[in-house]
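Single-structure report; data block below.
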Amino acid sequence: DTGVTQSPTHLIKTRGQQVTLRCSPISGHKSVSWYQQVLGQGPQFIFQYYEKEERGRGNFPDRFSARQFPNYSSELNVNALLLGDSALYLCASSLRDRAGYEQYFGPGTRLTVT
Amino acid sequence: RKEVEQDPGPFNVPEGATVAFNCTYSNSASQSFFWYRQDCRKEPKLLMSVYSSGNEDGRFTAQLNRASQYISLLIRDSKLSDSATYLCVVNGELTGGGNKLTFGTGTQLKVEL
């Protein structure tokens with residue numbers, strides 16, 4: 001079985017640019033969540049999507065947006081990049097959007113903003 | 001106060017040792033609990049879910065004390081391959097109906113010869 005896939009694996013952008021990160025969940029999983037992990041910290045919740053609807057949003061500015069497609073894949077967009085957006089962006093998939101369902105992470109996209 | 005608190009370590013232990021990690025969480029409404037393992041510059045991998053009755057998976061034992069809002073992980077007979085960062089994770093439902101994982105900062109384990 002294919003696990004969660006993310007693209008690209010690495011990305012270098014300059015301040016002010018925009019970036020789009022992509023995620024494909026495990027087959028059969030309908031929920032996708034996005035997390036940001038900066039060095040030395042645990043991942044921080046950004047968004048959750050289920051059946052193409054936003055189900056939750058973390059404490060991130062409006063520069064961060066996301067969407068989910070009919071095939072349950074998802075994109076995370078970040079506008080007007082800041083140096084502080086440099087991080088590992090992780091996508092996690094689960095069967096449902098309810099607590100108790102295990103979330104499985106993709107390999108992440110490492111974003112560097114210069 | 002952080003939502004999930006862990007001792008960051010590092011814990012340096014010899015191969016074959018038993019090591020215990022502890023974690024506390026602040027939200028008493030939290031509904032499910034997990035331990036994830038993260039290797040350097042890799043994604044977190046689910047190690048095990050944690051239940052009130054306690055659960056064991058081979059050399060790993062997890063315990064949950066809801067009254068004390070305390071979670072533990074015990075690793076017996078440590079292997080070199082157990083060297084990693086162990087993340088304590090709490091799952092709670094959001095007002096919109098979804099749920100989110102809240103992570104501790106992780107405890108680093110180094111198993112040495």
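How things are named: the first chain in the structure tokens is A, the next is B, and so on; residues count from 1 in each chain; ligands count from 1 in the order shown.
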All residues 9 Å or closer to segment 15-23 of chain A, only C-alpha atoms, same chain fewer than 6 positions away omitted, as a PDB file with N, CA, C and O atoms, in the first residue's frame:
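part.pdb, written as the output of this step:
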```
ATOM      1  N   VAL A   4       1.113   8.086   2.635  1.00  0.00           N
ATOM      2  CA  VAL A   4       0.856   9.485   2.313  1.00  0.00           C
ATOM      3  C   VAL A   4       2.025  10.016   1.480  1.00  0.00           C
ATOM      4  O   VAL A   4       3.185   9.789   1.842  1.00  0.00           O
ATOM      5  N   THR A   5       1.715  10.676   0.397  1.00  0.00           N
ATOM      6  CA  THR A   5       2.771  11.257  -0.435  1.00  0.00           C
ATOM      7  C   THR A   5       2.638  12.772  -0.446  1.00  0.00           C
ATOM      8  O   THR A   5       1.515  13.306  -0.383  1.00  0.00           O
ATOM      9  N   GLN A   6       3.791  13.439  -0.509  1.00  0.00           N
ATOM     10  CA  GLN A   6       3.818  14.892  -0.536  1.00  0.00           C
ATOM     11  C   GLN A   6       4.815  15.346  -1.601  1.00  0.00           C
ATOM     12  O   GLN A   6       5.822  14.689  -1.844  1.00  0.00           O
ATOM     13  N   SER A   7       4.495  16.497  -2.191  1.00  0.00           N
ATOM     14  CA  SER A   7       5.437  17.076  -3.155  1.00  0.00           C
ATOM     15  C   SER A   7       5.392  18.597  -3.062  1.00  0.00           C
ATOM     16  O   SER A   7       4.350  19.175  -2.712  1.00  0.00           O
ATOM     17  N   PRO A   8       6.498  19.274  -3.350  1.00  0.00           N
ATOM     18  CA  PRO A   8       7.831  18.701  -3.539  1.00  0.00           C
ATOM     19  C   PRO A   8       8.435  18.299  -2.195  1.00  0.00           C
ATOM     20  O   PRO A   8       7.852  18.564  -1.153  1.00  0.00           O
ATOM     21  N   VAL A  32      -7.634  14.927   5.572  1.00  0.00           N
ATOM     22  CA  VAL A  32      -6.256  15.386   5.447  1.00  0.00           C
ATOM     23  C   VAL A  32      -6.045  16.547   6.407  1.00  0.00           C
ATOM     24  O   VAL A  32      -6.870  17.462   6.472  1.00  0.00           O
ATOM     25  N   SER A  73      -7.121  14.432  -2.309  1.00  0.00           N
ATOM     26  CA  SER A  73      -5.810  15.065  -2.221  1.00  0.00           C
ATOM     27  C   SER A  73      -6.007  16.509  -1.762  1.00  0.00           C
ATOM     28  O   SER A  73      -7.130  17.035  -1.771  1.00  0.00           O
ATOM     29  N   SER A  74      -4.920  17.139  -1.359  1.00  0.00           N
ATOM     30  CA  SER A  74      -5.044  18.468  -0.776  1.00  0.00           C
ATOM     31  C   SER A  74      -3.861  19.338  -1.169  1.00  0.00           C
ATOM     32  O   SER A  74      -2.778  18.837  -1.502  1.00  0.00           O
ATOM     33  N   GLU A  75      -4.087  20.631  -1.158  1.00  0.00           N
ATOM     34  CA  GLU A  75      -3.034  21.628  -1.360  1.00  0.00           C
ATOM     35  C   GLU A  75      -3.023  22.595  -0.190  1.00  0.00           C
ATOM     36  O   GLU A  75      -4.091  22.966   0.322  1.00  0.00           O
ATOM     37  N   LEU A  76      -1.816  22.991   0.196  1.00  0.00           N
ATOM     38  CA  LEU A  76      -1.635  24.053   1.179  1.00  0.00           C
ATOM     39  C   LEU A  76      -0.953  25.207   0.459  1.00  0.00           C
ATOM     40  O   LEU A  76       0.063  25.019  -0.189  1.00  0.00           O
ATOM     41  N   ASN A  77      -1.523  26.392   0.566  1.00  0.00           N
ATOM     42  CA  ASN A  77      -0.950  27.587  -0.044  1.00  0.00           C
ATOM     43  C   ASN A  77      -0.502  28.562   1.035  1.00  0.00           C
ATOM     44  O   ASN A  77      -1.215  28.764   2.026  1.00  0.00           O
ATOM     45  N   VAL A  78       0.652  29.135   0.830  1.00  0.00           N
ATOM     46  CA  VAL A  78       1.133  30.173   1.737  1.00  0.00           C
ATOM     47  C   VAL A  78       1.532  31.374   0.882  1.00  0.00           C
ATOM     48  O   VAL A  78       2.367  31.247  -0.027  1.00  0.00           O
ATOM     49  N   ASN A  79       0.908  32.519   1.155  1.00  0.00           N
ATOM     50  CA  ASN A  79       1.205  33.756   0.422  1.00  0.00           C
ATOM     51  C   ASN A  79       2.156  34.638   1.215  1.00  0.00           C
ATOM     52  O   ASN A  79       2.295  34.481   2.436  1.00  0.00           O
ATOM     53  N   ALA A  80       2.790  35.576   0.496  1.00  0.00           N
ATOM     54  CA  ALA A  80       3.622  36.597   1.137  1.00  0.00           C
ATOM     55  C   ALA A  80       4.563  35.967   2.168  1.00  0.00           C
ATOM     56  O   ALA A  80       4.545  36.320   3.356  1.00  0.00           O
ATOM     57  N   LEU A  81       5.373  35.046   1.708  1.00  0.00           N
ATOM     58  CA  LEU A  81       6.234  34.273   2.601  1.00  0.00           C
ATOM     59  C   LEU A  81       7.136  35.152   3.452  1.00  0.00           C
ATOM     60  O   LEU A  81       7.680  36.169   2.989  1.00  0.00           O
ATOM     61  N   LEU A  82       7.268  34.727   4.710  1.00  0.00           N
ATOM     62  CA  LEU A  82       8.167  35.365   5.668  1.00  0.00           C
ATOM     63  C   LEU A  82       9.289  34.390   6.014  1.00  0.00           C
ATOM     64  O   LEU A  82       9.125  33.172   5.863  1.00  0.00           O
ATOM     65  N   LEU A  83      10.390  34.932   6.524  1.00  0.00           N
ATOM     66  CA  LEU A  83      11.493  34.065   6.930  1.00  0.00           C
ATOM     67  C   LEU A  83      11.016  33.021   7.945  1.00  0.00           C
ATOM     68  O   LEU A  83      11.454  31.870   7.921  1.00  0.00           O
ATOM     69  N   TYR A  89       6.734  21.078   6.466  1.00  0.00           N
ATOM     70  CA  TYR A  89       5.270  21.047   6.379  1.00  0.00           C
ATOM     71  C   TYR A  89       4.836  19.606   6.173  1.00  0.00           C
ATOM     72  O   TYR A  89       5.221  18.956   5.201  1.00  0.00           O
ATOM     73  N   LEU A  90       4.039  19.149   7.102  1.00  0.00           N
ATOM     74  CA  LEU A  90       3.628  17.751   7.147  1.00  0.00           C
ATOM     75  C   LEU A  90       2.148  17.625   6.831  1.00  0.00           C
ATOM     76  O   LEU A  90       1.332  18.418   7.310  1.00  0.00           O
ATOM     77  N   CYS A  91       1.829  16.623   6.060  1.00  0.00           N
ATOM     78  CA  CYS A  91       0.447  16.286   5.772  1.00  0.00           C
ATOM     79  C   CYS A  91       0.151  14.960   6.466  1.00  0.00           C
ATOM     80  O   CYS A  91       0.995  14.053   6.476  1.00  0.00           O
ATOM     81  N   ALA A  92      -1.020  14.847   7.051  1.00  0.00           N
ATOM     82  CA  ALA A  92      -1.420  13.604   7.709  1.00  0.00           C
ATOM     83  C   ALA A  92      -2.787  13.189   7.194  1.00  0.00           C
ATOM     84  O   ALA A  92      -3.661  14.043   6.984  1.00  0.00           O
ATOM     85  N   GLY A 106       2.881  12.002   6.002  1.00  0.00           N
ATOM     86  CA  GLY A 106       3.737  11.914   4.837  1.00  0.00           C
ATOM     87  C   GLY A 106       5.144  12.364   5.178  1.00  0.00           C
ATOM     88  O   GLY A 106       5.392  12.837   6.305  1.00  0.00           O
ATOM     89  N   GLY A 108       6.768  14.917   4.287  1.00  0.00           N
ATOM     90  CA  GLY A 108       6.916  16.351   4.495  1.00  0.00           C
ATOM     91  C   GLY A 108       7.547  17.077   3.322  1.00  0.00           C
ATOM     92  O   GLY A 108       8.192  16.490   2.456  1.00  0.00           O
ATOM     93  N   THR A 109       7.316  18.377   3.311  1.00  0.00           N
ATOM     94  CA  THR A 109       7.987  19.293   2.381  1.00  0.00           C
ATOM     95  C   THR A 109       8.802  20.248   3.234  1.00  0.00           C
ATOM     96  O   THR A 109       8.261  20.922   4.109  1.00  0.00           O
ATOM     97  N   VAL A 113      12.787  29.704   3.352  1.00  0.00           N
ATOM     98  CA  VAL A 113      12.508  31.055   2.854  1.00  0.00           C
ATOM     99  C   VAL A 113      13.738  31.917   3.105  1.00  0.00           C
ATOM    100  O   VAL A 113      14.223  32.012   4.244  1.00  0.00           O
ATOM    101  N   THR A 114      14.271  32.528   2.047  1.00  0.00           N
ATOM    102  CA  THR A 114      15.496  33.337   2.184  1.00  0.00           C
ATOM    103  C   THR A 114      15.213  34.816   1.938  1.00  0.00           C
ATOM    104  O   THR A 114      14.147  35.150   1.379  1.00  0.00           O
TER     105      THR A 114
END
```
Do a neighbour search on segment 70-86 of chain B at 6 Å with only C-alpha atoms, toss out local chain neighbours closer than 4 positions, and write the hits as a PyMOL selection string. chain B and resi 15-24+36-39+59-65+106-111
Excluding segment 50-65 of chain A and any residue of its chain fewer than 3 positions from it, enumerate the residues within 8 Å of it, using only C-alpha atoms, and give them as a PDB file with C-alpha atoms, in the first residue's frame.
```
ATOM      1  CA  LYS A  30     -10.974  10.983   3.474  1.00  0.00           C
ATOM      2  CA  SER A  31      -9.424  13.363   5.985  1.00  0.00           C
ATOM      3  CA  VAL A  32      -6.256  15.386   5.447  1.00  0.00           C
ATOM      4  CA  GLN A  44       1.676  22.585  15.009  1.00  0.00           C
ATOM      5  CA  PHE A  45      -1.805  22.107  13.553  1.00  0.00           C
ATOM      6  CA  ILE A  46      -2.695  24.323  10.582  1.00  0.00           C
ATOM      7  CA  PHE A  47      -5.824  22.858   8.922  1.00  0.00           C
ATOM      8  CA  GLN A  68      -9.217  19.418  -0.670  1.00  0.00           C
ATOM      9  CA  PHE A  69     -10.155  17.920  -4.008  1.00  0.00           C
ATOM     10  CA  PRO A  70     -12.784  15.288  -4.903  1.00  0.00           C
ATOM     11  CA  TYR A  72      -9.234  13.677  -1.296  1.00  0.00           C
ATOM     12  CA  LEU A  76      -1.635  24.053   1.179  1.00  0.00           C
ATOM     13  CA  ASN A  77      -0.950  27.587  -0.044  1.00  0.00           C
ATOM     14  CA  VAL A  78       1.133  30.173   1.737  1.00  0.00           C
ATOM     15  CA  ASN A  79       1.205  33.756   0.422  1.00  0.00           C
ATOM     16  CA  ALA A  80       3.622  36.597   1.137  1.00  0.00           C
ATOM     17  CA  ARG A  96     -12.358  10.193   9.418  1.00  0.00           C
ATOM     18  CA  ASP A  97     -12.235  13.674  10.915  1.00  0.00           C
TER      19      ASP A  97
ATOM     20  CA  LEU B  94     -12.592  21.108  17.459  1.00  0.00           C
ATOM     21  CA  THR B  95     -15.758  23.207  17.660  1.00  0.00           C
ATOM     22  CA  GLY B  96     -16.276  22.810  13.915  1.00  0.00           C
ATOM     23  CA  GLY B  97     -16.486  19.066  14.302  1.00  0.00           C
ATOM     24  CA  GLY B  98     -12.976  18.190  13.230  1.00  0.00           C
ATOM     25  CA  ASN B  99     -10.058  17.209  15.419  1.00  0.00           C
ATOM     26  CA  LYS B 100      -6.431  18.124  15.825  1.00  0.00           C
TER      27      LYS B 100
END
```
Find the residues around Phe33 of chain B up to 6 Å (only C-alpha atoms counted), leave out those fewer than 5 positions away in its own chain, and share them as an MDAnalysis selection string. chainID B and resid 49:50 89:91
Minimum-distance residue to chain A, chosen among B:Leu87, B:Ala29, B:Ala67, B:Leu47 (using only C-alpha atoms): B:Leu87
